[in-house]
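Quick look at structure_20.cif (mmCIF, C-alpha atoms):
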```cif
data_query
loop_
_atom_site.group_PDB
_atom_site.id
_atom_site.type_symbol
_atom_site.label_atom_id
_atom_site.label_comp_id
_atom_site.auth_asym_id
_atom_site.auth_seq_id
_atom_site.Cartn_x
_atom_site.Cartn_y
_atom_site.Cartn_z
ATOM 1 C CA MET A 1 -8.974 16.978 26.087
ATOM 2 C CA SER A 2 -10.905 18.471 23.168
ATOM 3 C CA ILE A 3 -10.795 16.941 19.715
ATOM 4 C CA PHE A 4 -8.730 19.932 18.589
ATOM 5 C CA ASP A 5 -6.144 19.218 21.293
ATOM 6 C CA LYS A 6 -6.128 15.533 20.394
ATOM 7 C CA ILE A 7 -5.451 16.242 16.727
ATOM 8 C CA GLU A 8 -2.749 18.806 17.532
ATOM 9 C CA SER A 9 -1.047 16.387 19.951
ATOM 10 C CA PHE A 10 -1.312 13.541 17.455
ATOM 11 C CA TYR A 11 0.186 15.747 14.752
ATOM 12 C CA ALA A 12 3.114 16.718 16.974
ATOM 13 C CA GLN A 13 3.907 13.078 17.758
ATOM 14 C CA PHE A 14 3.225 11.524 14.347
ATOM 15 C CA LYS A 15 6.431 10.178 12.769
ATOM 16 C CA GLY A 16 5.234 9.631 9.204
ATOM 17 C CA GLU A 17 4.410 12.053 6.418
ATOM 18 C CA LYS A 18 2.045 14.762 7.588
ATOM 19 C CA GLY A 19 1.079 18.257 6.582
ATOM 20 C CA VAL A 20 -1.583 20.878 6.028
ATOM 21 C CA ILE A 21 -3.739 20.802 2.887
ATOM 22 C CA GLY A 22 -4.941 24.359 3.447
ATOM 23 C CA TYR A 23 -6.587 26.637 5.966
ATOM 24 C CA SER A 24 -10.159 27.300 6.983
ATOM 25 C CA LEU A 25 -11.933 30.620 6.614
ATOM 26 C CA LEU A 26 -10.693 31.534 10.103
ATOM 27 C CA LYS A 27 -7.174 30.308 9.302
ATOM 28 C CA LYS A 28 -7.285 27.021 11.172
ATOM 29 C CA PRO A 29 -5.077 24.312 9.620
ATOM 30 C CA ILE A 30 -6.629 21.327 7.870
ATOM 31 C CA TYR A 31 -4.223 18.507 8.693
ATOM 32 C CA TYR A 32 -3.457 15.322 6.820
ATOM 33 C CA PHE A 33 -1.599 12.174 7.881
ATOM 34 C CA LYS A 34 -0.221 9.680 5.379
ATOM 35 C CA VAL A 35 0.273 6.014 6.220
ATOM 36 C CA GLU A 36 2.037 4.103 3.456
ATOM 37 C CA LYS A 37 2.259 0.327 3.300
ATOM 38 C CA THR A 38 2.713 0.139 -0.486
ATOM 39 C CA LYS A 39 2.728 2.844 -3.147
ATOM 40 C CA ASN A 40 -0.667 1.850 -4.520
ATOM 41 C CA PRO A 41 -3.594 2.007 -4.273
ATOM 42 C CA VAL A 42 -3.946 5.575 -2.976
ATOM 43 C CA VAL A 43 -6.960 6.455 -0.834
ATOM 44 C CA ILE A 44 -8.166 9.684 0.767
ATOM 45 C CA ILE A 45 -10.400 9.442 3.832
ATOM 46 C CA GLN A 46 -11.886 12.674 5.156
ATOM 47 C CA TYR A 47 -13.861 13.345 8.313
ATOM 48 C CA SER A 48 -15.944 16.096 9.949
ATOM 49 C CA ILE A 49 -16.842 18.047 6.845
ATOM 50 C CA HIS A 50 -20.148 18.586 8.655
ATOM 51 C CA ALA A 51 -19.536 20.390 11.925
ATOM 52 C CA ARG A 52 -21.906 18.517 14.234
ATOM 53 C CA GLU A 53 -20.482 15.193 13.033
ATOM 54 C CA HIS A 54 -17.196 15.728 14.885
ATOM 55 C CA VAL A 55 -17.426 12.267 16.436
ATOM 56 C CA THR A 56 -15.872 11.060 13.178
ATOM 57 C CA SER A 57 -12.638 12.910 14.014
ATOM 58 C CA PHE A 58 -12.141 10.616 17.000
ATOM 59 C CA LEU A 59 -12.687 7.672 14.666
ATOM 60 C CA ALA A 60 -10.031 9.077 12.328
ATOM 61 C CA LEU A 61 -7.310 8.982 14.980
ATOM 62 C CA LYS A 62 -8.186 5.395 15.865
ATOM 63 C CA GLN A 63 -8.163 4.327 12.226
ATOM 64 C CA ILE A 64 -4.783 5.942 11.646
ATOM 65 C CA LYS A 65 -3.263 4.058 14.577
ATOM 66 C CA ASP A 66 -4.894 0.830 13.455
ATOM 67 C CA PHE A 67 -3.683 1.126 9.870
ATOM 68 C CA ILE A 68 -0.143 1.850 11.061
ATOM 69 C CA LYS A 69 -0.240 -1.397 13.020
ATOM 70 C CA ASN A 70 -2.429 -3.637 10.881
ATOM 71 C CA GLY A 71 -2.472 -2.155 7.387
ATOM 72 C CA ARG A 72 -1.363 -4.443 4.595
ATOM 73 C CA VAL A 73 -1.437 -2.559 1.284
ATOM 74 C CA GLY A 74 -1.940 0.965 0.054
ATOM 75 C CA SER A 75 -1.103 4.570 0.797
ATOM 76 C CA VAL A 76 -3.841 6.240 2.800
ATOM 77 C CA TYR A 77 -4.224 9.963 3.443
ATOM 78 C CA PHE A 78 -6.338 10.673 6.530
ATOM 79 C CA LEU A 79 -7.891 14.139 6.966
ATOM 80 C CA PRO A 80 -9.372 14.050 10.493
ATOM 81 C CA MET A 81 -11.190 17.391 10.340
ATOM 82 C CA THR A 82 -11.937 19.219 7.099
ATOM 83 C CA ASN A 83 -14.224 21.791 8.734
ATOM 84 C CA PRO A 84 -12.439 23.055 11.874
ATOM 85 C CA ASP A 85 -14.329 26.377 12.090
ATOM 86 C CA GLY A 86 -17.680 24.633 11.950
ATOM 87 C CA VAL A 87 -16.658 22.056 14.541
ATOM 88 C CA PHE A 88 -15.626 24.864 16.889
ATOM 89 C CA ILE A 89 -19.039 26.483 16.463
ATOM 90 C CA ALA A 90 -20.825 23.167 17.034
ATOM 91 C CA LEU A 91 -18.841 22.453 20.189
ATOM 92 C CA ASN A 92 -19.104 25.919 21.692
ATOM 93 C CA GLU A 93 -22.175 27.704 20.321
ATOM 94 C CA LYS A 94 -24.619 25.688 18.210
ATOM 95 C CA PRO A 95 -24.550 21.919 18.809
ATOM 96 C CA LEU A 96 -26.539 21.096 15.653
ATOM 97 C CA TYR A 97 -24.511 23.347 13.335
ATOM 98 C CA LYS A 98 -23.313 21.736 10.063
ATOM 99 C CA ALA A 99 -21.804 24.561 8.026
ATOM 100 C CA ASN A 100 -18.405 26.300 7.979
ATOM 101 C CA GLY A 101 -17.494 29.666 9.481
ATOM 102 C CA ARG A 102 -19.395 31.526 6.749
ATOM 103 C CA GLY A 103 -22.574 29.505 7.034
ATOM 104 C CA VAL A 104 -21.875 27.430 3.909
ATOM 105 C CA ASP A 105 -22.550 23.702 3.990
ATOM 106 C CA LEU A 106 -19.259 22.419 2.591
ATOM 107 C CA ASN A 107 -20.730 19.139 1.415
ATOM 108 C CA VAL A 108 -22.962 20.900 -1.110
ATOM 109 C CA ASN A 109 -20.219 23.284 -2.293
ATOM 110 C CA PHE A 110 -18.573 20.958 -4.836
ATOM 111 C CA ASP A 111 -18.952 21.166 -8.598
ATOM 112 C CA ALA A 112 -21.150 18.115 -9.062
ATOM 113 C CA ARG A 113 -24.576 19.236 -10.289
ATOM 114 C CA TRP A 114 -24.146 22.051 -7.782
ATOM 115 C CA GLY A 115 -27.355 23.620 -6.510
ATOM 116 C CA LEU A 116 -29.685 20.912 -7.859
ATOM 117 C CA GLY A 117 -30.084 18.944 -4.623
ATOM 118 C CA GLU A 118 -33.528 18.566 -3.114
ATOM 119 C CA LYS A 119 -32.532 20.117 0.216
ATOM 120 C CA ASN A 120 -30.202 22.810 -1.164
ATOM 121 C CA VAL A 121 -30.854 26.377 -0.034
ATOM 122 C CA LYS A 122 -29.489 29.694 -1.275
ATOM 123 C CA ILE A 123 -29.551 31.513 2.031
ATOM 124 C CA GLN A 124 -26.659 31.486 4.491
ATOM 125 C CA GLY A 125 -27.417 29.391 7.560
ATOM 126 C CA ASP A 126 -26.628 26.431 9.781
ATOM 127 C CA GLU A 127 -27.023 23.842 7.011
ATOM 128 C CA ASN A 128 -27.689 23.193 3.319
ATOM 129 C CA PHE A 129 -26.512 26.590 1.972
ATOM 130 C CA ILE A 130 -24.677 25.866 -1.281
ATOM 131 C CA GLY A 131 -22.501 28.998 -1.250
ATOM 132 C CA GLU A 132 -22.105 31.646 -3.922
ATOM 133 C CA LYS A 133 -20.493 29.226 -6.376
ATOM 134 C CA PRO A 134 -18.797 25.804 -6.378
ATOM 135 C CA PHE A 135 -15.615 25.846 -4.310
ATOM 136 C CA SER A 136 -16.397 29.290 -2.938
ATOM 137 C CA GLU A 137 -15.066 28.157 0.446
ATOM 138 C CA PRO A 138 -11.388 27.708 1.353
ATOM 139 C CA GLU A 139 -12.067 24.303 2.908
ATOM 140 C CA SER A 140 -13.802 22.767 -0.127
ATOM 141 C CA LEU A 141 -11.256 24.362 -2.450
ATOM 142 C CA ALA A 142 -8.372 22.965 -0.391
ATOM 143 C CA LEU A 143 -9.920 19.486 -0.454
ATOM 144 C CA LYS A 144 -10.410 19.733 -4.215
ATOM 145 C CA GLU A 145 -6.822 20.840 -4.872
ATOM 146 C CA PHE A 146 -5.368 18.231 -2.532
ATOM 147 C CA THR A 147 -7.408 15.495 -4.208
ATOM 148 C CA LEU A 148 -6.271 16.566 -7.672
ATOM 149 C CA LYS A 149 -2.666 16.609 -6.458
ATOM 150 C CA ILE A 150 -2.800 13.177 -4.804
ATOM 151 C CA LYS A 151 -4.849 11.512 -7.574
ATOM 152 C CA PRO A 152 -6.467 8.890 -5.352
ATOM 153 C CA SER A 153 -7.800 5.552 -6.505
ATOM 154 C CA ALA A 154 -10.836 6.076 -4.260
ATOM 155 C CA THR A 155 -12.144 8.282 -1.459
ATOM 156 C CA ILE A 156 -14.233 7.804 1.651
ATOM 157 C CA SER A 157 -16.127 10.534 3.491
ATOM 158 C CA TYR A 158 -17.180 9.841 7.072
ATOM 159 C CA HIS A 159 -20.421 11.362 8.341
ATOM 160 C CA SER A 160 -22.959 10.629 11.066
ATOM 161 C CA LYS A 161 -25.552 9.201 11.528
ATOM 162 C CA GLY A 162 -27.658 6.265 10.263
ATOM 163 C CA GLU A 163 -25.231 3.364 9.690
ATOM 164 C CA GLU A 164 -25.619 3.685 5.945
ATOM 165 C CA ILE A 165 -23.333 3.719 2.911
ATOM 166 C CA TYR A 166 -23.890 5.927 -0.158
ATOM 167 C CA TRP A 167 -21.986 5.261 -3.346
ATOM 168 C CA GLU A 168 -24.135 6.260 -6.341
ATOM 169 C CA PHE A 169 -23.857 9.404 -8.424
ATOM 170 C CA HIS A 170 -25.016 8.772 -11.983
ATOM 171 C CA GLN A 171 -22.334 6.151 -12.790
ATOM 172 C CA ARG A 172 -22.982 3.803 -15.666
ATOM 173 C CA GLY A 173 -21.607 0.583 -17.080
ATOM 174 C CA LYS A 174 -18.411 -0.875 -15.660
ATOM 175 C CA ARG A 175 -17.850 2.039 -13.287
ATOM 176 C CA ARG A 176 -21.240 1.452 -11.727
ATOM 177 C CA MET A 177 -20.575 -2.275 -11.338
ATOM 178 C CA ARG A 178 -17.150 -1.579 -9.794
ATOM 179 C CA ASP A 179 -18.440 1.008 -7.329
ATOM 180 C CA GLU A 180 -21.419 -1.088 -6.281
ATOM 181 C CA MET A 181 -19.139 -4.050 -5.677
ATOM 182 C CA LEU A 182 -16.946 -1.938 -3.392
ATOM 183 C CA ALA A 183 -19.996 -0.607 -1.567
ATOM 184 C CA ASN A 184 -21.160 -4.164 -0.961
ATOM 185 C CA ALA A 185 -17.731 -5.115 0.383
ATOM 186 C CA LEU A 186 -17.839 -2.209 2.835
ATOM 187 C CA ALA A 187 -21.418 -3.056 3.810
ATOM 188 C CA LYS A 188 -20.352 -6.597 4.713
ATOM 189 C CA THR A 189 -17.368 -5.278 6.635
ATOM 190 C CA THR A 190 -19.339 -2.749 8.694
ATOM 191 C CA GLY A 191 -22.777 -4.326 8.877
ATOM 192 C CA TYR A 192 -24.209 -1.067 7.498
ATOM 193 C CA LYS A 193 -26.909 -0.841 4.844
ATOM 194 C CA ILE A 194 -26.424 0.538 1.348
ATOM 195 C CA LYS A 195 -28.788 3.387 0.604
ATOM 196 C CA SER A 196 -29.551 5.417 -2.504
ATOM 197 C CA THR A 197 -29.717 9.228 -2.331
ATOM 198 C CA PRO A 198 -30.888 10.232 -5.825
ATOM 199 C CA ASN A 199 -31.844 13.800 -4.854
ATOM 200 C CA SER A 200 -28.514 14.755 -3.294
ATOM 201 C CA CYS A 201 -25.911 16.798 -5.216
ATOM 202 C CA GLY A 202 -22.790 18.867 -4.726
ATOM 203 C CA GLY A 203 -20.962 16.664 -2.239
ATOM 204 C CA TYR A 204 -17.312 15.622 -2.179
ATOM 205 C CA LYS A 205 -18.342 12.038 -2.960
ATOM 206 C CA ASP A 206 -20.429 13.242 -5.874
ATOM 207 C CA TRP A 207 -17.574 15.317 -7.303
ATOM 208 C CA CYS A 208 -15.102 12.435 -7.025
ATOM 209 C CA VAL A 209 -17.494 10.086 -8.821
ATOM 210 C CA GLU A 210 -18.565 12.476 -11.572
ATOM 211 C CA LYS A 211 -15.398 14.449 -12.273
ATOM 212 C CA LEU A 212 -12.602 12.030 -11.322
ATOM 213 C CA LYS A 213 -14.424 8.811 -12.303
ATOM 214 C CA ILE A 214 -13.221 7.010 -9.160
ATOM 215 C CA PRO A 215 -15.121 5.088 -6.488
ATOM 216 C CA ALA A 216 -16.173 7.452 -3.713
ATOM 217 C CA LEU A 217 -18.326 6.514 -0.776
ATOM 218 C CA THR A 218 -19.985 8.209 2.156
ATOM 219 C CA ILE A 219 -20.168 6.176 5.342
ATOM 220 C CA GLU A 220 -22.684 7.330 7.950
ATOM 221 C CA VAL A 221 -21.680 6.076 11.394
ATOM 222 C CA GLY A 222 -23.798 5.741 14.511
ATOM 223 C CA SER A 223 -27.289 4.372 14.953
ATOM 224 C CA ASP A 224 -30.122 6.518 13.642
ATOM 225 C CA GLU A 225 -31.743 6.152 17.064
ATOM 226 C CA LEU A 226 -29.038 8.380 18.533
ATOM 227 C CA LEU A 227 -29.412 12.139 18.642
ATOM 228 C CA HIS A 228 -27.086 14.702 17.063
ATOM 229 C CA PRO A 229 -24.409 15.473 17.953
ATOM 230 C CA LEU A 230 -22.956 12.060 18.751
ATOM 231 C CA GLY A 231 -20.509 12.204 21.651
ATOM 232 C CA LYS A 232 -17.290 10.442 22.600
ATOM 233 C CA GLU A 233 -19.285 7.714 24.323
ATOM 234 C CA CYS A 234 -20.216 6.439 20.840
ATOM 235 C CA VAL A 235 -16.653 6.172 19.551
ATOM 236 C CA LYS A 236 -15.894 2.658 20.793
ATOM 237 C CA GLU A 237 -18.900 1.057 19.085
ATOM 238 C CA ILE A 238 -18.368 3.081 15.908
ATOM 239 C CA TYR A 239 -14.727 2.040 15.758
ATOM 240 C CA GLU A 240 -15.555 -1.630 16.252
ATOM 241 C CA LYS A 241 -17.825 -1.551 13.212
ATOM 242 C CA ASN A 242 -15.343 0.442 11.108
ATOM 243 C CA LYS A 243 -11.938 -0.883 12.144
ATOM 244 C CA ARG A 244 -11.644 -3.079 9.027
ATOM 245 C CA VAL A 245 -12.809 -0.427 6.558
ATOM 246 C CA VAL A 246 -9.383 0.874 5.550
ATOM 247 C CA ASN A 247 -7.973 -2.574 4.821
ATOM 248 C CA CYS A 248 -11.219 -3.469 3.072
ATOM 249 C CA ILE A 249 -10.989 -0.645 0.568
ATOM 250 C CA THR A 250 -7.245 -0.905 -0.086
ATOM 251 C CA GLU A 251 -7.415 -4.671 -0.564
ATOM 252 C CA PHE A 252 -10.472 -4.384 -2.780
ATOM 253 C CA LEU A 253 -8.684 -1.882 -4.993
ATOM 254 C CA THR A 254 -5.675 -4.212 -5.114
ATOM 255 C CA ASN A 255 -7.338 -7.580 -5.540
ATOM 256 C CA GLY A 256 -10.880 -6.842 -6.605
ATOM 257 C CA LYS A 257 -13.777 -9.201 -6.170
ATOM 258 C CA LYS A 258 -11.896 -12.458 -5.667
ATOM 259 C CA ILE A 259 -10.466 -11.818 -2.209
ATOM 260 C CA TYR A 260 -13.859 -10.927 -0.759
ATOM 261 C CA GLU A 261 -15.597 -13.923 -2.254
ATOM 262 C CA MET A 262 -12.923 -16.176 -0.748
ATOM 263 C CA ARG A 263 -13.135 -14.510 2.667
ATOM 264 C CA ASN A 264 -16.920 -14.591 2.751
ATOM 265 C CA LYS A 265 -16.922 -18.317 1.937
ATOM 266 C CA ALA A 266 -14.282 -18.968 4.592
ATOM 267 C CA SER A 267 -16.214 -16.925 7.152
ATOM 268 C CA ALA A 268 -19.453 -18.739 6.383
ATOM 269 C CA LYS A 269 -17.719 -22.098 6.686
ATOM 270 C CA SER A 270 -16.181 -21.247 10.075
ATOM 271 C CA THR A 271 -19.543 -19.982 11.351
ATOM 272 C CA ASN A 272 -21.175 -23.319 10.492
ATOM 273 C CA LEU A 273 -18.554 -25.412 12.263
#
```
Please render this file's structure as structure tokens.
Amino acid sequence: MSIFDKIESFYAQFKGEKGVIGYSLLKKPIYYFKVEKTKNPVVIIQYSIHAREHVTSFLALKQIKDFIKNGRVGSVYFLPMTNPDGVFIALNEKPLYKANGRGVDLNVNFDARWGLGEKNVKIQGDENFIGEKPFSEPESLALKEFTLKIKPSATISYHSKGEEIYWEFHQRGKRRMRDEMLANALAKTTGYKIKSTPNSCGGYKDWCVEKLKIPALTIEVGSDELLHPLGKECVKEIYEKNKRVVNCITEFLTNGKKIYEMRNKASAKSTNL
């Protein structure tokens, strides 16, 4: 069963709040699933904004099921595939394709120092094309409008590969301290490394940090030794490293630093027994 079939089947069977945030260039629906344990904090997690990174959509379905069963606090909106046209192209025509159906790289199409990234290009293609203007694409515009409507406390964007976490985008002061603390909590939870990307601009994470002033993180799953595109055979290991991420972020937003300090001390103590 293809990832498209899996998402469609999951959508048909899902009993909670669900819907469509918008449609792709080729009129494919961009689905969301909401799992609510408490009203706050509110988190958006989006996957497969880069076409060849469709392995993250499989992770999304597993994380939804896990949060339904094991979630403790928060309302989480899961968007398993924000670039359905691109994923179709990657699966059927160009395995290394990253862009949407118009050849725009959606993760450089946001209004966050748009066009100033080191790898940005101004020519339509398989990757890195910034588009004619910020939010020129229906997918990035839909994600923007949905985010403004939901008003999340934080967002996570899942990508592949490298087992890294990005969180910086010109924050200062208390916001920087807060966001770095959350990044460190997620790094401990996943075992991934925190990495700085100072020459990257125009991404969803960047827009959330700069315009909405909220924590926003990119999590790159899958070992860097693997080759694009990562297949379903990688899902089990990826899930094992990321199965606590959703609870980690919602509990951090609820309880802050204290809960993680206590858990880390308890974990260290049990390891030494």
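Closest approach to A:Asn107 from the set A:Thr155, A:Thr38, A:Thr147, A:Thr218 is made by A:Thr218, with distances taken over only C-alpha atoms.
With distances taken over all atoms listed in the file, A:Ile150 is the one residue among A:Ala12, A:Lys213, A:Ile150, A:Leu116 lying closest to A:Lys39.
Distance check against A:Ser75 using only C-alpha atoms: of A:Ser24, A:Asn40, A:Asn92, A:Asn199, the minimum falls on A:Asn40.
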Quick check on the file I pasted: which residues fall under the PyMOL selection byres ((chain A and resi 172-189) around 8)? Write them as an NGL selection string. :A and (165-168 or 170-171 or 190-194 or 213-217 or 241-242 or 244-245 or 248-249 or 252 or 257 or 260)
Best match for closeness to A:Glu163 among A:Ser223, A:Ser200, A:Asn70, A:Thr254, counting all atoms listed in the file: A:Ser223
Near A:Gly131, counting all atoms listed in the file, which residues have an atom at most 12 Å away, once you skip same-chain residues fewer than 4 positions from it, shown as an MDAnalysis selection string? chainID A and resid 99:111 114:115 120:125 127 135:138 140 202
With the PyMOL selection byres ((chain A and resi 33-36) around 10) as the selection, what would be picked from this file? Answer as an NGL selection string, please. :A and (10-11 or 14-20 or 31-32 or 37-44 or 61 or 64-65 or 67-68 or 71-80)
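If all atoms listed in the file are the atoms counted, then among A:Glu240, A:Glu132, A:Asp206, A:Glu164 the closest residue to A:Ala112 is A:Asp206.
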Write out as AutoDock Vina command-line options an axis-aligned box for stretch 73-91 of chain A: all of its atoms listed in the file, 8 Å added on each side, centre and edge lengths in Å with one decimal.
```
--center_x -11.0 --center_y 12.0 --center_z 10.1 --size_x 35.7 --size_y 45.0 --size_z 36.1
```
Output stretch 212-234 of chain A as a CSV table (one decimal), in the coordinates of the input, making sure N, CA, C and O atoms are there.
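Written output follows (result.csv):
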```
chain,number,residue,atom,x,y,z
A,212,LEU,N,-13.8,12.8,-11.3
A,212,LEU,CA,-12.6,12.0,-11.3
A,212,LEU,C,-12.8,10.6,-11.8
A,212,LEU,O,-11.8,9.9,-12.0
A,213,LYS,N,-14.1,10.2,-11.8
A,213,LYS,CA,-14.4,8.8,-12.3
A,213,LYS,C,-13.9,7.7,-11.4
A,213,LYS,O,-13.5,6.6,-11.9
A,214,ILE,N,-13.7,8.0,-10.1
A,214,ILE,CA,-13.2,7.0,-9.2
A,214,ILE,C,-14.3,6.6,-8.2
A,214,ILE,O,-15.3,7.3,-8.0
A,215,PRO,N,-14.2,5.4,-7.5
A,215,PRO,CA,-15.1,5.1,-6.5
A,215,PRO,C,-15.0,6.1,-5.3
A,215,PRO,O,-13.9,6.4,-4.9
A,216,ALA,N,-16.1,6.5,-4.9
A,216,ALA,CA,-16.2,7.5,-3.7
A,216,ALA,C,-17.4,7.1,-2.9
A,216,ALA,O,-18.5,7.0,-3.5
A,217,LEU,N,-17.2,7.0,-1.6
A,217,LEU,CA,-18.3,6.5,-0.8
A,217,LEU,C,-18.5,7.4,0.5
A,217,LEU,O,-17.5,7.9,1.0
A,218,THR,N,-19.7,7.6,0.9
A,218,THR,CA,-20.0,8.2,2.2
A,218,THR,C,-20.4,7.1,3.1
A,218,THR,O,-21.3,6.3,2.8
A,219,ILE,N,-19.8,7.1,4.3
A,219,ILE,CA,-20.2,6.2,5.3
A,219,ILE,C,-20.7,7.0,6.5
A,219,ILE,O,-20.1,7.8,7.1
A,220,GLU,N,-22.0,6.7,6.8
A,220,GLU,CA,-22.7,7.3,8.0
A,220,GLU,C,-22.6,6.4,9.2
A,220,GLU,O,-23.1,5.3,9.2
A,221,VAL,N,-21.9,6.9,10.2
A,221,VAL,CA,-21.7,6.1,11.4
A,221,VAL,C,-22.7,6.4,12.5
A,221,VAL,O,-23.2,7.6,12.5
A,222,GLY,N,-22.9,5.5,13.4
A,222,GLY,CA,-23.8,5.7,14.5
A,222,GLY,C,-25.3,5.4,14.2
A,222,GLY,O,-25.8,5.8,13.1
A,223,SER,N,-25.9,4.8,15.1
A,223,SER,CA,-27.3,4.4,15.0
A,223,SER,C,-28.2,5.6,14.7
A,223,SER,O,-28.0,6.7,15.3
A,224,ASP,N,-29.2,5.4,13.9
A,224,ASP,CA,-30.1,6.5,13.6
A,224,ASP,C,-31.0,6.8,14.9
A,224,ASP,O,-31.6,7.9,14.9
A,225,GLU,N,-31.0,5.9,15.8
A,225,GLU,CA,-31.7,6.2,17.1
A,225,GLU,C,-31.0,7.2,18.0
A,225,GLU,O,-31.7,7.7,18.9
A,226,LEU,N,-29.8,7.4,17.7
A,226,LEU,CA,-29.0,8.4,18.5
A,226,LEU,C,-29.4,9.8,18.1
A,226,LEU,O,-29.8,10.0,17.0
A,227,LEU,N,-29.1,10.7,19.0
A,227,LEU,CA,-29.4,12.1,18.6
A,227,LEU,C,-28.1,12.9,18.3
A,227,LEU,O,-27.1,12.6,18.9
A,228,HIS,N,-28.2,13.8,17.3
A,228,HIS,CA,-27.1,14.7,17.1
A,228,HIS,C,-26.9,15.7,18.2
A,228,HIS,O,-27.9,16.1,18.8
A,229,PRO,N,-25.6,16.0,18.5
A,229,PRO,CA,-24.4,15.5,18.0
A,229,PRO,C,-24.0,14.2,18.7
A,229,PRO,O,-24.2,14.2,20.0
A,230,LEU,N,-23.4,13.2,18.1
A,230,LEU,CA,-23.0,12.1,18.8
A,230,LEU,C,-21.7,12.4,19.6
A,230,LEU,O,-20.8,13.1,19.1
A,231,GLY,N,-21.6,11.9,20.8
A,231,GLY,CA,-20.5,12.2,21.7
A,231,GLY,C,-19.4,11.1,21.7
A,231,GLY,O,-19.6,10.1,21.0
A,232,LYS,N,-18.4,11.4,22.5
A,232,LYS,CA,-17.3,10.4,22.6
A,232,LYS,C,-17.7,9.1,23.1
A,232,LYS,O,-17.0,8.1,22.8
A,233,GLU,N,-18.8,9.0,23.8
A,233,GLU,CA,-19.3,7.7,24.3
A,233,GLU,C,-19.7,6.8,23.2
A,233,GLU,O,-19.8,5.5,23.4
A,234,CYS,N,-19.9,7.3,22.0
A,234,CYS,CA,-20.2,6.4,20.8
A,234,CYS,C,-19.0,5.9,20.1
A,234,CYS,O,-19.1,5.0,19.2
```
